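Q: Coordinates in entry.pdb, PDB, C-alpha atoms, are listed below.
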```
MODEL        1
ATOM      1  CA  MET A   1      75.307 102.024 104.138
ATOM      2  CA  SER A   2      76.185  99.271 106.613
ATOM      3  CA  ASN A   3      79.770  98.569 107.643
ATOM      4  CA  HIS A   4      79.598  95.199 105.868
ATOM      5  CA  SER A   5      78.451  96.763 102.581
ATOM      6  CA  HIS A   6      81.086  99.473 102.882
ATOM      7  CA  SER A   7      83.777  96.827 103.470
ATOM      8  CA  LEU A   8      82.673  94.834 100.414
ATOM      9  CA  LYS A   9      82.726  97.964  98.259
ATOM     10  CA  HIS A  10      86.181  98.822  99.572
ATOM     11  CA  HIS A  11      87.533  95.355  98.755
ATOM     12  CA  ALA A  12      85.908  95.438  95.301
ATOM     13  CA  VAL A  13      87.563  98.760  94.463
ATOM     14  CA  ASP A  14      90.913  97.449  95.689
ATOM     15  CA  PHE A  15      90.529  94.331  93.533
ATOM     16  CA  ILE A  16      89.842  96.491  90.468
ATOM     17  CA  TYR A  17      92.994  98.521  91.177
ATOM     18  CA  ILE A  18      95.054  95.343  91.631
ATOM     19  CA  THR A  19      93.687  93.722  88.465
ATOM     20  CA  CYS A  20      94.208  96.818  86.314
ATOM     21  CA  GLY A  21      97.672  97.296  87.758
ATOM     22  CA  ALA A  22      98.698  93.686  87.096
ATOM     23  CA  VAL A  23      97.392  93.762  83.509
ATOM     24  CA  ILE A  24      99.173  97.041  82.703
ATOM     25  CA  ALA A  25     102.401  95.816  84.327
ATOM     26  CA  ALA A  26     102.206  92.610  82.283
ATOM     27  CA  PHE A  27     101.748  94.658  79.114
ATOM     28  CA  ALA A  28     104.836  96.726  79.964
ATOM     29  CA  LEU A  29     106.922  93.649  80.672
ATOM     30  CA  LYS A  30     105.805  91.491  77.768
ATOM     31  CA  SER A  31     105.511  94.120  75.023
ATOM     32  CA  PHE A  32     108.392  96.424  75.961
ATOM     33  CA  LEU A  33     110.978  95.017  78.370
ATOM     34  CA  VAL A  34     111.023  91.278  77.641
ATOM     35  CA  ALA A  35     110.531  91.814  73.896
ATOM     36  CA  ASN A  36     113.568  94.103  73.759
ATOM     37  CA  GLU A  37     115.740  92.327  76.343
ATOM     38  CA  PHE A  38     115.489  95.273  78.749
ATOM     39  CA  LEU A  39     115.756  95.291  82.535
ATOM     40  CA  ASP A  40     114.211  97.132  85.466
ATOM     41  CA  GLY A  41     115.161  97.401  89.120
ATOM     42  CA  GLY A  42     113.797  95.538  92.125
ATOM     43  CA  VAL A  43     112.458  91.993  92.160
ATOM     44  CA  THR A  44     111.029  92.543  88.665
ATOM     45  CA  GLY A  45     114.513  93.415  87.474
ATOM     46  CA  ILE A  46     115.962  90.269  89.065
ATOM     47  CA  SER A  47     113.281  88.215  87.295
ATOM     48  CA  LEU A  48     114.112  89.857  83.971
ATOM     49  CA  LEU A  49     117.848  89.340  84.484
ATOM     50  CA  ILE A  50     117.435  85.642  85.254
ATOM     51  CA  HIS A  51     115.097  85.299  82.275
ATOM     52  CA  GLU A  52     117.655  86.899  79.950
ATOM     53  CA  LEU A  53     120.490  84.728  81.248
ATOM     54  CA  THR A  54     118.630  81.399  81.432
ATOM     55  CA  HIS A  55     115.505  81.952  79.265
ATOM     56  CA  PHE A  56     113.444  80.525  82.110
ATOM     57  CA  ASN A  57     109.704  81.311  82.016
ATOM     58  CA  ILE A  58     109.259  84.911  83.200
ATOM     59  CA  ALA A  59     105.770  84.249  84.610
ATOM     60  CA  ILE A  60     107.068  81.507  86.899
ATOM     61  CA  LEU A  61     110.013  83.685  87.939
ATOM     62  CA  ILE A  62     107.703  86.547  88.916
ATOM     63  CA  ILE A  63     105.692  84.236  91.209
ATOM     64  CA  ALA A  64     108.707  82.380  92.620
ATOM     65  CA  LEU A  65     110.779  85.479  93.440
ATOM     66  CA  ASN A  66     107.898  87.506  94.882
ATOM     67  CA  LEU A  67     106.516  84.675  97.022
ATOM     68  CA  PRO A  68     109.159  84.919  99.791
ATOM     69  CA  PHE A  69     108.584  88.656 100.100
ATOM     70  CA  ILE A  70     104.816  88.155 100.201
ATOM     71  CA  ILE A  71     105.302  85.734 103.094
ATOM     72  CA  VAL A  72     107.567  88.234 104.868
ATOM     73  CA  GLY A  73     104.976  90.942 104.217
ATOM     74  CA  SER A  74     102.293  88.895 105.966
ATOM     75  CA  PHE A  75     104.373  89.162 109.161
ATOM     76  CA  GLN A  76     105.786  92.657 108.670
ATOM     77  CA  LEU A  77     102.477  94.224 107.606
ATOM     78  CA  ASN A  78      99.360  92.016 107.710
ATOM     79  CA  LYS A  79      97.760  88.966 106.126
ATOM     80  CA  MET A  80      95.400  91.023 103.956
ATOM     81  CA  PHE A  81      98.424  92.678 102.346
ATOM     82  CA  ALA A  82      99.871  89.228 101.638
ATOM     83  CA  ILE A  83      96.614  87.974 100.111
ATOM     84  CA  ARG A  84      96.304  91.025  97.869
ATOM     85  CA  SER A  85      99.954  90.827  96.813
ATOM     86  CA  LEU A  86      99.637  87.131  95.992
ATOM     87  CA  THR A  87      96.486  87.869  93.987
ATOM     88  CA  GLY A  88      98.304  90.604  92.054
ATOM     89  CA  ALA A  89     101.313  88.368  91.390
ATOM     90  CA  ILE A  90      99.099  85.543  90.103
ATOM     91  CA  ILE A  91      97.158  87.868  87.785
ATOM     92  CA  LEU A  92     100.441  89.352  86.559
ATOM     93  CA  ALA A  93     101.883  85.889  85.879
ATOM     94  CA  LEU A  94      98.738  84.714  84.070
ATOM     95  CA  CYS A  95      98.779  87.792  81.852
ATOM     96  CA  LEU A  96     102.461  87.279  81.075
ATOM     97  CA  GLN A  97     101.780  83.669  80.148
ATOM     98  CA  TYR A  98      98.499  83.931  78.228
ATOM     99  CA  ALA A  99      97.632  87.549  77.330
ATOM    100  CA  PRO A 100      98.243  88.225  73.602
ATOM    101  CA  PHE A 101     100.316  91.372  74.110
ATOM    102  CA  PRO A 102     102.351  91.982  70.936
ATOM    103  CA  PRO A 103     106.110  92.641  71.099
ATOM    104  CA  LEU A 104     106.840  96.298  70.371
ATOM    105  CA  HIS A 105     110.247  97.035  68.883
ATOM    106  CA  TYR A 106     111.024 100.737  68.879
ATOM    107  CA  ASP A 107     114.010 102.973  69.528
ATOM    108  CA  LYS A 108     115.754 101.937  72.755
ATOM    109  CA  LEU A 109     115.042 105.257  74.442
ATOM    110  CA  LEU A 110     111.325 104.925  73.675
ATOM    111  CA  VAL A 111     111.288 101.341  74.958
ATOM    112  CA  SER A 112     113.030 102.348  78.176
ATOM    113  CA  THR A 113     110.808 105.385  78.752
ATOM    114  CA  PHE A 114     107.411 103.949  77.871
ATOM    115  CA  GLY A 115     108.182 100.506  79.239
ATOM    116  CA  GLY A 116     109.076 102.179  82.527
ATOM    117  CA  PHE A 117     105.991 104.394  82.378
ATOM    118  CA  PHE A 118     103.529 101.533  81.898
ATOM    119  CA  LEU A 119     105.296  99.351  84.456
ATOM    120  CA  GLY A 120     105.243 102.195  86.993
ATOM    121  CA  LEU A 121     101.573 102.827  86.217
ATOM    122  CA  GLY A 122     100.768  99.166  86.844
ATOM    123  CA  ILE A 123     102.775  98.933  90.070
ATOM    124  CA  GLY A 124     101.308 102.234  91.290
ATOM    125  CA  LEU A 125      97.732 101.086  90.692
ATOM    126  CA  GLY A 126      98.552  97.871  92.531
ATOM    127  CA  MET A 127      99.853  99.898  95.473
ATOM    128  CA  ARG A 128      96.631 101.918  95.470
ATOM    129  CA  GLY A 129      94.839  98.593  95.790
ATOM    130  CA  GLY A 130      96.966  97.667  98.801
ATOM    131  CA  CYS A 131      99.409  95.184  97.261
ATOM    132  CA  ALA A 132     103.021  95.037  96.137
ATOM    133  CA  LEU A 133     103.596  93.813  92.582
ATOM    134  CA  ASP A 134     107.325  94.148  93.260
ATOM    135  CA  GLY A 135     108.581  92.791  96.579
ATOM    136  CA  ILE A 136     111.717  94.910  96.957
ATOM    137  CA  GLU A 137     110.056  97.415  99.315
ATOM    138  CA  VAL A 138     108.955  94.561 101.584
ATOM    139  CA  LEU A 139     112.561  93.350 101.629
ATOM    140  CA  ALA A 140     113.746  96.875 102.403
ATOM    141  CA  LEU A 141     111.212  97.160 105.251
ATOM    142  CA  TYR A 142     112.432  93.867 106.720
ATOM    143  CA  THR A 143     116.104  94.840 106.349
ATOM    144  CA  LEU A 144     115.403  98.254 107.900
ATOM    145  CA  LYS A 145     114.652  96.574 111.232
ATOM    146  CA  LYS A 146     117.934  94.659 111.116
ATOM    147  CA  THR A 147     120.260  97.484 110.046
ATOM    148  CA  SER A 148     120.739 101.230 110.436
ATOM    149  CA  PHE A 149     120.115 101.949 106.745
ATOM    150  CA  THR A 150     117.004 103.744 105.478
ATOM    151  CA  ILE A 151     114.562 102.085 103.069
ATOM    152  CA  SER A 152     115.789 104.298 100.212
ATOM    153  CA  GLU A 153     119.420 103.367 100.905
ATOM    154  CA  ILE A 154     118.573  99.654 101.006
ATOM    155  CA  ILE A 155     116.646  99.771  97.719
ATOM    156  CA  LEU A 156     119.434 101.808  96.110
ATOM    157  CA  GLY A 157     122.060  99.323  97.297
ATOM    158  CA  LEU A 158     120.133  96.328  95.992
ATOM    159  CA  ASN A 159     119.629  97.978  92.618
ATOM    160  CA  VAL A 160     123.301  98.964  92.359
ATOM    161  CA  ILE A 161     124.190  95.279  92.793
ATOM    162  CA  LEU A 162     121.565  94.265  90.225
ATOM    163  CA  PHE A 163     122.651  96.831  87.631
ATOM    164  CA  SER A 164     126.320  95.942  88.186
ATOM    165  CA  ILE A 165     125.589  92.291  87.431
ATOM    166  CA  ALA A 166     123.605  93.379  84.362
ATOM    167  CA  ALA A 167     126.569  95.461  83.178
ATOM    168  CA  ILE A 168     128.918  92.480  83.510
ATOM    169  CA  LYS A 169     126.615  89.861  81.993
ATOM    170  CA  LEU A 170     124.605  91.837  79.425
ATOM    171  CA  GLY A 171     126.701  94.901  78.722
ATOM    172  CA  PHE A 172     127.125  98.420  80.082
ATOM    173  CA  GLU A 173     124.561  99.895  77.688
ATOM    174  CA  THR A 174     121.873  97.512  78.926
ATOM    175  CA  ALA A 175     122.653  98.485  82.527
ATOM    176  CA  LEU A 176     122.354 102.187  81.686
ATOM    177  CA  TYR A 177     118.989 101.693  80.007
ATOM    178  CA  ALA A 178     117.882  99.607  83.006
ATOM    179  CA  THR A 179     118.729 102.564  85.268
ATOM    180  CA  LEU A 180     116.688 104.896  83.067
ATOM    181  CA  THR A 181     113.785 102.446  83.051
ATOM    182  CA  TYR A 182     113.861 102.129  86.834
ATOM    183  CA  TYR A 183     113.938 105.922  87.222
ATOM    184  CA  THR A 184     110.877 106.233  84.981
ATOM    185  CA  VAL A 185     109.108 103.505  86.950
ATOM    186  CA  THR A 186     109.696 105.197  90.312
ATOM    187  CA  LYS A 187     108.612 108.630  89.080
ATOM    188  CA  THR A 188     105.449 107.187  87.533
ATOM    189  CA  ILE A 189     104.631 105.351  90.776
ATOM    190  CA  ASP A 190     104.995 108.628  92.693
ATOM    191  CA  TYR A 191     102.651 110.325  90.235
ATOM    192  CA  VAL A 192     100.042 107.556  90.474
ATOM    193  CA  ILE A 193     100.163 107.439  94.285
ATOM    194  CA  GLU A 194     100.274 111.178  94.940
ATOM    195  CA  GLY A 195      98.336 112.375  91.891
ATOM    196  CA  LEU A 196      98.037 115.899  90.597
ATOM    197  CA  GLU A 197      96.730 117.137  93.925
ATOM    198  CA  GLU A 198      99.905 116.531  95.880
ATOM    199  CA  PHE A 199      99.264 118.153  99.241
ATOM    200  CA  THR A 200     101.488 120.645 100.995
ATOM    201  CA  GLY A 201     101.514 121.398 104.696
ATOM    202  CA  VAL A 202     101.949 125.116 105.450
ATOM    203  CA  THR A 203     103.070 126.425 108.853
ATOM    204  CA  ILE A 204     102.720 130.148 109.604
ATOM    205  CA  ILE A 205     104.249 132.088 112.504
ATOM    206  CA  SER A 206     103.214 135.717 112.748
ATOM    207  CA  ALA A 207     102.403 138.476 115.218
ATOM    208  CA  GLN A 208      99.168 138.931 113.222
ATOM    209  CA  SER A 209      98.036 135.342 113.720
ATOM    210  CA  GLN A 210      94.446 136.277 114.604
ATOM    211  CA  ARG A 211      93.917 138.157 111.343
ATOM    212  CA  ILE A 212      95.702 135.392 109.403
ATOM    213  CA  LYS A 213      93.373 132.768 110.908
ATOM    214  CA  GLU A 214      90.393 134.814 109.761
ATOM    215  CA  VAL A 215      91.780 135.131 106.222
ATOM    216  CA  LEU A 216      92.516 131.416 105.929
ATOM    217  CA  VAL A 217      89.162 130.241 107.267
ATOM    218  CA  LEU A 218      86.699 132.942 106.228
ATOM    219  CA  GLU A 219      88.210 134.131 102.935
ATOM    220  CA  LEU A 220      90.099 131.101 101.610
ATOM    221  CA  GLY A 221      87.840 128.461 103.155
ATOM    222  CA  ARG A 222      90.716 126.435 104.576
ATOM    223  CA  GLY A 223      90.662 124.268 107.674
ATOM    224  CA  ILE A 224      93.378 125.149 110.182
ATOM    225  CA  THR A 225      95.051 123.755 113.271
ATOM    226  CA  VAL A 226      96.534 126.102 115.869
ATOM    227  CA  TYR A 227      99.518 125.305 118.078
ATOM    228  CA  LYS A 228     100.424 127.422 121.080
ATOM    229  CA  GLY A 229     104.014 128.626 120.984
ATOM    230  CA  GLU A 230     106.433 131.463 121.679
ATOM    231  CA  ARG A 231     108.185 133.776 119.264
ATOM    232  CA  GLY A 232     111.244 135.910 119.787
ATOM    233  CA  PHE A 233     114.501 134.565 121.208
ATOM    234  CA  MET A 234     116.663 136.803 119.036
ATOM    235  CA  LYS A 235     120.417 136.942 119.605
ATOM    236  CA  GLN A 236     120.329 140.530 120.846
ATOM    237  CA  SER A 237     117.298 139.905 123.098
ATOM    238  CA  PHE A 238     117.303 136.199 123.884
ATOM    239  CA  ASP A 239     115.311 136.584 127.115
ATOM    240  CA  VAL A 240     112.468 138.432 125.370
ATOM    241  CA  SER A 241     109.641 136.359 123.892
ATOM    242  CA  THR A 242     105.907 136.584 123.395
ATOM    243  CA  ASP A 243     103.149 134.005 123.196
ATOM    244  CA  CYS A 244     101.829 133.330 119.705
ATOM    245  CA  ASP A 245      99.545 131.050 117.750
ATOM    246  CA  ILE A 246     101.313 128.836 115.218
ATOM    247  CA  VAL A 247      98.894 128.203 112.348
ATOM    248  CA  PHE A 248      99.020 125.017 110.296
ATOM    249  CA  THR A 249      96.941 124.196 107.227
ATOM    250  CA  VAL A 250      97.023 121.821 104.259
ATOM    251  CA  VAL A 251      96.556 122.920 100.644
ATOM    252  CA  THR A 252      97.236 121.486  97.218
ATOM    253  CA  ARG A 253     100.449 122.602  95.551
ATOM    254  CA  LEU A 254      98.370 124.688  93.146
ATOM    255  CA  GLU A 255      97.132 126.806  96.078
ATOM    256  CA  VAL A 256     100.438 127.468  97.823
ATOM    257  CA  ARG A 257     101.201 130.726  96.001
ATOM    258  CA  ARG A 258      97.705 132.087  96.612
ATOM    259  CA  LEU A 259      97.958 131.284 100.326
ATOM    260  CA  LYS A 260     101.398 132.886 100.670
ATOM    261  CA  ASN A 261     100.197 136.043  98.942
ATOM    262  CA  ALA A 262      97.188 136.226 101.265
ATOM    263  CA  VAL A 263      99.340 135.791 104.386
ATOM    264  CA  HIS A 264     101.951 138.330 103.293
ATOM    265  CA  GLY A 265      99.126 140.729 102.507
ATOM    266  CA  VAL A 266      98.323 140.670 106.227
ATOM    267  CA  ASP A 267     101.892 140.458 107.554
ATOM    268  CA  PRO A 268     104.818 140.873 105.117
ATOM    269  CA  LYS A 269     107.170 139.656 107.876
ATOM    270  CA  ALA A 270     105.253 136.415 108.542
ATOM    271  CA  PHE A 271     107.457 133.319 108.691
ATOM    272  CA  ILE A 272     106.085 130.607 106.381
ATOM    273  CA  PHE A 273     107.497 127.181 105.665
ATOM    274  CA  THR A 274     106.060 124.262 103.717
ATOM    275  CA  ASN A 275     106.524 120.516 103.586
ATOM    276  CA  ILE A 276     105.225 117.892 101.164
ATOM    277  CA  ILE A 277     102.516 115.574 102.476
ATOM    278  CA  LYS A 278     102.392 112.198 100.752
ATOM    279  CA  GLU A 279      98.744 111.516 101.504
ATOM    280  CA  ALA A 280      95.921 113.401 103.179
ATOM    281  CA  ALA A 281      92.209 112.682 103.557
ATOM    282  CA  GLY A 282      89.193 113.611 105.639
ATOM    283  CA  GLY A 283      88.227 116.713 107.563
ATOM    284  CA  VAL A 284      87.652 119.998 105.762
ATOM    285  CA  LEU A 285      90.301 118.963 103.233
ATOM    286  CA  SER A 286      88.000 116.568 101.392
ATOM    287  CA  ARG A 287      85.571 119.384 100.688
ATOM    288  CA  THR A 288      88.086 122.019  99.628
ATOM    289  CA  ALA A 289      90.678 120.178  97.583
ATOM    290  CA  LYS A 290      88.715 120.485  94.353
ATOM    291  CA  HIS A 291      89.357 123.560  92.235
TER     292      HIS A 291
ENDMDL
END
```
Spell out the structure here as structure tokens.

A:
Amino acid sequence: MSNHSHSLKHHAVDFIYITCGAVIAAFALKSFLVANEFLDGGVTGISLLIHELTHFNIAILIIALNLPFIIVGSFQLNKMFAIRSLTGAIILALCLQYAPFPPLHYDKLLVSTFGGFFLGLGIGLGMRGGCALDGIEVLALYTLKKTSFTISEIILGLNVILFSIAAIKLGFETALYATLTYYTVTKTIDYVIEGLEEFTGVTIISAQSQRIKEVLVLELGRGITVYKGERGFMKQSFDVSTDCDIVFTVVTRLEVRRLKNAVHGVDPKAFIFTNIIKEAAGGVLSRTAKH
């Protein structure tokens, strides 16, 4: 396949993700949140709050409030991101305006939970397609370069302000449900982005590193990376150390226990620590991640 054909296929897949994400997000907003006067966090939450206070068209608000962040994103990230985000926002607005999604009036807890789930699913699919259906993370990225706060702290601060205004204008109960909705949205986005096969990096330090490398590669079929290091440096013998191989590999979270058991079967005293990897692709991993 030529590079041009591969690029077209890549863009087509991204467009499908963006379209599906925008349609699902519109369904969540129109059928659950707007229909029940509920709120969310982020730029979507600001749009919903303004809509509830002024009854201004939600579709226009979504476009108008996201547009500045899309422009900022074109400078902070790249123009392709801006084009995809604008495309997603337009599709979302069109669906909000014209799609015949019925209003669904259920128990408030169900509305908050499932409204948040579908909205998170839509935003997550949009992110997989390379766009932002909610511009708050772009704002956080821009603010990060101007302040000492982390992205998480910036987003949290903005949402605290938003939910505080909601509590004053619409009532404390509405603000609490908005917090629950936002929590559901963020957890669903994490699930959509990371998937079931969330990867875990495993680092192993052991005197039996040669045998451990053989077990990982030949018996478990894992790809490994080896760092050269030193082990020792104990309090009672600080000047005593030995060279060692530090073994690193990546597995799915379903394989962590099996790997630890295999390593401790070789060396019960092996030092093992893990860390979550948000995304991993390529190498031996792509051939061994399936169970």

Q: How would you write, as number ranges by chain, the residues chosen by the PyMOL selection byres ((chain A and resi 94-100) around 9) on this structure?

A: A: 22-23, 26-27, 29-30, 57-60, 89-93, 101-102

Q: Using the chain letters and numbers from the file, which residues does the PyMOL selection byres ((chain A and resi 262) around 12) grab, as JSON, numbers by chain?

A: {"A": [204, 211, 212, 213, 214, 215, 216, 217, 219, 220, 255, 256, 257, 258, 259, 260, 261, 263, 264, 265, 266, 267, 268, 270, 272]}

Q: Counting all atoms listed in the file, what is within 7 Å of A:Ile276, bar same-chain residues fewer than 5 positions away, as number ranges by chain?

A: A: 199-201

Q: Fewer than 4 positions away in the same chain doesn't count, so skip those; otherwise give me all residues within 9 Å of stretch 227-239 of chain A, counting only C-alpha atoms, as a list in words.

A: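 Surrounding residues, per the criterion: Ile205, Ser206, Ala207, Asp243, Cys244, Asp245, Ile246, Val247 and Phe248 of chain A.
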
Q: To one decimal place, how far is atom CA of A:Val43 from atom CA of A:Gly88 in Å?

A: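 Going from atom CA of A:Val43 over to atom CA of A:Gly88 covers 14.2 Å.
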
Q: What's the separation between atom CA of A:Leu170 and atom CA of A:Leu110, in Å to one decimal place?

A: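 Computed distance, atom CA of A:Leu170 to atom CA of A:Leu110, equals 19.5 Å.
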
Q: Restricting the calculation to all atoms listed in the file: of A:Gly221, A:Gly171, A:Gly130, A:Gly116, which residue gets closest to A:Ala82?

A: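 When distances to A:Ala82 are compared using all atoms listed in the file, the smallest one comes from A:Gly130.
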
Q: Go through A:Val34, A:Ser209, A:Ser85, A:Phe163 one by one, measure the shortest atom-to-atom distance of each to A:Phe271 using only C-alpha atoms, and give the residue with the smallest value.

A: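 Nearest to A:Phe271: A:Ser209.
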
Q: Applying the PyMOL selection byres ((chain A and resi 37) around 9) to the file I just gave you, which residues come out? Please list them as a VMD selection string.

A: chain A and resid 32 to 36 38 to 39 48 to 49 52 174

Q: Identify which of the residues A:Ile277, A:Leu8, A:Val160, A:Ile71 lies closest to A:Gly45, counting all atoms listed in the file when measuring atom-to-atom distances.

A: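 Closest candidate: A:Val160.
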
Q: Mind pulling up the distance from atom CA of A:Asp40 to atom CA of A:Phe69?

A: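 A separation of 17.8 Å between them.
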
Q: I'd like to know which of A:Thr113, A:Thr225, A:Gln208, A:Thr44 is closest to A:Tyr183, using only C-alpha atoms.

A: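 Among the listed residues, A:Thr113 lies closest to A:Tyr183.
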
Q: Counting all atoms listed in the file, figure out which residue out of A:Leu162, A:Val185, A:Leu61, A:Ile46 gets nearest to A:Ile123.

A: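 Of A:Leu162, A:Val185, A:Leu61, A:Ile46, the one nearest A:Ile123, counting all atoms listed in the file, is A:Val185.
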
Q: Which of these, A:Gly120, A:Gly223, A:Gly129, A:Gly157, has the shortest distance to A:Ile189 once you count only C-alpha atoms?

A: A:Gly120

Q: Could you please give me, as a list in words, the residues of protein, DNA or RNA lying at most 10 Å from (125.7, 98.6, 83.9) in the coordinate frame of the file, considering all atoms listed in the file?

A: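 Answer for this query, in the requested form: Val160, Ile161, Leu162, Phe163, Ser164, Ile165, Ala166, Ala167, Ile168, Lys169, Leu170, Gly171, Phe172, Glu173, Thr174, Ala175, Leu176, Tyr177, Ala178 and Thr179 of chain A.
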